[in-house]
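Q: Below are the structure tokens for one structure; questions will follow.
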Amino acid sequence: MSTFFKQVYRYTRPRAYRHNENLWPFYRITRSSAGDITHLRYKGQPVPLVPLAEWRHRFSGDALITATGPSIKDMDFARLPPMTVAGVNGAYALKDRLNFQLYIIVDMSFIDRRTDVLQAIIADPALTLFTTLHGIARIIDRFTLAAVRCRLALIEDACYRVYQPKVASDDVSRHFGQEPHIRFSPNYPNIAFTTDIRGGVFDAGTVVFWALQILQFLGFTRLYIAGLDMTNFHQPRFYETDQDKLPSFLAEKFATLIVPAFGLASEVLEQNGVVVKNLSVHSALSNEIFEKMSFHDAFQS
């Protein structure tokens with residue numbers, strides 16, 4: 001947005017609203033009583049959205065979450081039985097082997113720098129893409145709304161909701177502590193997991209954590225995760241080369257954020273009847289978090 005509008009916004013709103021400065025004044029939103037954004041206009045254009053309320057518990061059974069660790073290269077997806085497939089970031093490189101129905105992208109650097117992949121994703125009418133308001137803006141600005149053939153489901157970071165004050169990391173448990181659908185890590189009160197994404201999704205440094213909250217909300221009861229290696233972060237993701245590799249910041253967050261966040265996710269999902277299998281047998285996440293099993297053992301006929 002222009003510097004003029006940004007400066008106007010900064011000088012007329014408290015600092016806690018600073019995360020909205022690139023949105024105003026181009027967006028108009030309407031929220032439901034549950035808190036999710038149900039209607040959106042961007043630069044005067046109505047943007048069709050998938051109503052999150054209509055998707056709550058819409059699905060059942062099994063789903064595959066396709067992450068992007070190098071172990072993906074060792075998996076024979078021809079053996080995969082029929083199930084819903086959800087992809088994140090560059091997993092769409094497997095489109096010739098997997099039939100993606102759901103997609104999740106919340107990393108704006110991926111949207112900015114892998115436009116080739118993003119263009120293919122938004123052109124797929126079989127997909128529902130879960131992304132943030134910033135993601136939708138980047139997509140429309142770069143490709144136009146007419147180029148978007150996938151369905152759009154708008155999700156928000158619970159601590160950075162649109163046109164609402166941000167929630168500081170040291171204030172998460174106090175701010176959300178009365179919400180019955182939100183659980184907190186016992187040793188890390190800034191880490192939370194929600195079973196109702198209409199009020200926002202909690203971040204933990206990796207899009208797979210978002211995916212777990214979303215797919216539980218959608219109603220799946222067994223989740224398989226492919227490519228959740230969480231090791232050798234210096235190596236390219238399965239779809240990258242050394243020349244086009246995007247930076248990873250997972251290593252510095254692994255022990256203090258990612259491990260306790262997935263530990264919390266494991267507890268909440270189990271209590272809600274959701275089984276999770278980690279198909280990366282050499283994943284740095286332990287069996288105590290998600291049971292590890294090979295792709296072959298999981299889907300042997």
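Each chain of the structure tokens is named A, B, ... in the order shown, its residues numbered from 1; ligands are numbered from 1 in display order.
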So that I can see what lies close to segment 57-72 of chain A, please list as a compact mmCIF listing (two decimals) with N, CA and C atoms, in the first residue's frame the residues with an atom at most 8 Å from it, counting only C-alpha atoms and leaving out residues fewer than 6 positions away in the same chain.
A:
```txt
# COMPACT_ATOMS: atom_id res chain seq x y z
N MET A 83 -8.52 -41.37 -0.10
CA MET A 83 -8.71 -40.50 1.06
C MET A 83 -8.52 -39.06 0.63
N THR A 84 -8.95 -38.14 1.46
CA THR A 84 -8.74 -36.72 1.20
C THR A 84 -7.26 -36.39 1.36
N VAL A 85 -6.74 -35.58 0.43
CA VAL A 85 -5.33 -35.19 0.47
C VAL A 85 -5.24 -33.68 0.64
N ALA A 86 -4.50 -33.27 1.66
CA ALA A 86 -4.25 -31.85 1.91
C ALA A 86 -2.77 -31.57 1.70
N GLY A 87 -2.47 -30.50 1.00
CA GLY A 87 -1.08 -30.12 0.75
C GLY A 87 -0.74 -28.80 1.40
N VAL A 88 0.55 -28.58 1.61
CA VAL A 88 1.03 -27.29 2.12
C VAL A 88 2.19 -26.83 1.25
N ASN A 89 2.27 -25.53 1.07
CA ASN A 89 3.38 -24.90 0.34
C ASN A 89 3.69 -25.62 -0.97
N GLY A 90 4.90 -26.14 -1.13
CA GLY A 90 5.30 -26.69 -2.43
C GLY A 90 4.91 -28.13 -2.68
N ALA A 91 4.08 -28.71 -1.84
CA ALA A 91 3.66 -30.10 -2.04
C ALA A 91 2.92 -30.30 -3.36
N VAL A 208 2.25 -27.05 9.19
CA VAL A 208 1.61 -28.31 9.56
C VAL A 208 0.82 -28.16 10.85
N ALA A 211 -2.36 -26.89 9.83
CA ALA A 211 -3.11 -27.94 9.13
C ALA A 211 -3.81 -28.88 10.12
N PHE A 217 -10.95 -29.53 12.78
CA PHE A 217 -12.19 -28.76 12.67
C PHE A 217 -13.09 -29.31 11.56
N LEU A 218 -12.47 -29.75 10.47
CA LEU A 218 -13.23 -30.28 9.34
C LEU A 218 -13.84 -31.64 9.63
N GLY A 219 -13.33 -32.34 10.65
CA GLY A 219 -13.98 -33.58 11.06
C GLY A 219 -13.22 -34.86 10.83
N PHE A 220 -12.02 -34.81 10.31
CA PHE A 220 -11.26 -36.04 10.05
C PHE A 220 -10.89 -36.72 11.37
N THR A 221 -10.86 -38.04 11.36
CA THR A 221 -10.57 -38.79 12.59
C THR A 221 -9.26 -39.57 12.53
N ARG A 222 -8.63 -39.63 11.36
CA ARG A 222 -7.30 -40.24 11.24
C ARG A 222 -6.49 -39.40 10.26
N LEU A 223 -5.33 -38.95 10.72
CA LEU A 223 -4.48 -38.10 9.90
C LEU A 223 -3.12 -38.77 9.70
N TYR A 224 -2.71 -38.90 8.46
CA TYR A 224 -1.37 -39.34 8.11
C TYR A 224 -0.58 -38.11 7.66
N ILE A 225 0.64 -37.97 8.17
CA ILE A 225 1.47 -36.83 7.78
C ILE A 225 2.70 -37.34 7.04
N ALA A 226 2.85 -36.93 5.81
CA ALA A 226 4.02 -37.28 5.01
C ALA A 226 4.98 -36.10 4.95
N GLY A 227 6.26 -36.38 5.06
CA GLY A 227 7.26 -35.32 4.91
C GLY A 227 7.48 -34.46 6.14
N LEU A 228 7.05 -34.93 7.31
CA LEU A 228 7.25 -34.16 8.54
C LEU A 228 8.59 -34.58 9.16
N ASP A 229 9.67 -34.28 8.46
CA ASP A 229 11.00 -34.77 8.86
C ASP A 229 11.55 -34.01 10.07
N MET A 230 11.48 -32.70 10.02
CA MET A 230 11.97 -31.84 11.10
C MET A 230 13.43 -32.13 11.45
N GLN A 235 18.95 -28.85 4.26
CA GLN A 235 18.74 -29.49 2.97
C GLN A 235 17.54 -28.90 2.24
N PRO A 236 17.53 -28.95 0.91
CA PRO A 236 16.36 -28.47 0.17
C PRO A 236 15.13 -29.32 0.50
N ARG A 237 13.97 -28.70 0.46
CA ARG A 237 12.72 -29.45 0.55
C ARG A 237 12.62 -30.35 -0.68
N PHE A 238 11.72 -31.32 -0.65
CA PHE A 238 11.73 -32.33 -1.71
C PHE A 238 11.55 -31.74 -3.10
N TYR A 239 10.90 -30.59 -3.20
CA TYR A 239 10.62 -29.99 -4.51
C TYR A 239 11.64 -28.92 -4.89
N SER A 280 7.11 -40.20 8.41
CA SER A 280 8.55 -39.98 8.32
C SER A 280 9.22 -40.73 9.47
```
Q: Against segment 265-277 of chain A, which residues of segment 128-190 of chain A fall within 12 Å? For each one I want the closest pair of atoms and the distance in Å (one decimal), counting only C-alpha atoms, rows by chain and increasing residue number, as CSV.
A:
```
residue,atom,partner,partner_atom,distance
A:His181,CA,A:Val268,CA,10.0
A:Ile182,CA,A:Val268,CA,9.4
A:Arg183,CA,A:Val268,CA,7.4
A:Phe184,CA,A:Ala265,CA,9.6
A:Ser185,CA,A:Ala265,CA,9.1
A:Pro186,CA,A:Glu267,CA,11.4
```
Q: With only C-alpha atoms as the basis for distance, which of A:Tyr17, A:Gln164, A:His134, A:Leu129 is at the shortest distance from Arg149 of chain A?
A: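 Closest residue, counting only C-alpha atoms: A:Leu129.
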Q: For Thr206 of chain A, which residue among A:Pro125, A:Ile289, A:Ile105, A:Pro189 is the nearest when counting only C-alpha atoms?
A: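 When distances to Thr206 of chain A are compared using only C-alpha atoms, the smallest one comes from A:Ile105.
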Q: Which one of A:Pro260, A:Gly199, A:Pro51, A:Pro82 sits closest to Gln101 of chain A if you count only C-alpha atoms?
A: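 Nearest candidate to Gln101 of chain A out of A:Pro260, A:Gly199, A:Pro51, A:Pro82: A:Pro82.
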Q: Pick from A:Ala146, A:Ala34, A:Ala204, A:Ala53: nearest to Val106 of chain A, with only C-alpha atoms counted?
A: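 The closest residue to Val106 of chain A is A:Ala204.
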Q: Give me the residues within 8 Å of segment 110-117 of chain A as a list of chain:residue names, counting only C-alpha atoms and dropping any in the same chain fewer than 6 places off.
A: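 Residues meeting the cut-off are A:Asn89, A:Gly90, A:Tyr92, A:Ala93, A:Gly135, A:Arg138, A:Ile139, A:Leu246.
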Q: Please extract the residues of segment 109-202 of chain A with a backbone DSSP assignment of strand (DSSP E or B) and present them as a PyMOL selection string.
A: chain A and resi 128-131+151-154+157+182-184+192-194+201
Q: Please determine, counting only C-alpha atoms, which residue among A:Ile29, A:Gly177, A:Asp171, A:Ser294 has the shortest atom-to-atom distance to His282 of chain A.
A: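 Under the stated criterion, the closest residue is A:Ser294.
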Q: Have a look at atom CA of Leu133 of chain A and atom CA of Leu212 of chain A and let me know their distance in Å, one decimal.
A: 19.8 Å
Q: May I ask for the distance between atom CA of Leu279 of chain A and atom CA of Lys245 of chain A, given in Å to one decimal place?
A: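 Rounded to one decimal, the two atoms are 23.3 Å apart.
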Q: Which residue gives the smallest distance to Ala192 of chain A among A:Ala255, A:Val172, A:Pro180, A:Lys95, with only C-alpha atoms counted?
A: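 Closest to Ala192 of chain A, using only C-alpha atoms: A:Val172.
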Q: Considering only alpha helix (DSSP H) as DSSP defines it on the backbone, what residues of segment 122-158 of chain A qualify? List them as a list in words.
A: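 Put together, the selection reads Ile122, Leu133, His134, Gly135, Ile136, Ala137, Arg138, Ile139, Ile140, Asp141, Arg142 and Phe143 of chain A.
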Q: Given the selection you just returned, output its residues as a file containing C-alpha atoms, formatted as a CSV table (one decimal), in the first residue's frame.
A:
```csv
chain,number,residue,atom,x,y,z
A,122,ILE,CA,-5.1,-21.1,-7.6
A,133,LEU,CA,-6.2,-12.1,4.3
A,134,HIS,CA,-2.6,-11.1,3.4
A,135,GLY,CA,-2.4,-14.2,1.2
A,136,ILE,CA,-5.6,-13.4,-0.6
A,137,ALA,CA,-4.4,-9.8,-1.2
A,138,ARG,CA,-1.1,-11.0,-2.7
A,139,ILE,CA,-2.9,-13.5,-4.9
A,140,ILE,CA,-5.3,-10.9,-6.3
A,141,ASP,CA,-2.7,-8.3,-6.7
A,142,ARG,CA,-0.4,-10.6,-8.6
A,143,PHE,CA,-2.8,-12.7,-10.6
```
Q: Distance atom CA of Tyr42 of chain A-atom CA of Asp196 of chain A, one decimal place?
A: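 That distance, rounded to one decimal, is 25.6 Å.
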Q: Which residues come within 9 Å of Ala168 of chain A, counting only C-alpha atoms, excluding same-chain residues fewer than 5 positions away, as a PyMOL selection string?
A: chain A and resi 16+159+190
Q: Find the residues near Phe209 of chain A: any atom within 10 Å, counting only C-alpha atoms, skip ones fewer than 4 places away on the same chain, and give them as a count of residues only.
A: 12
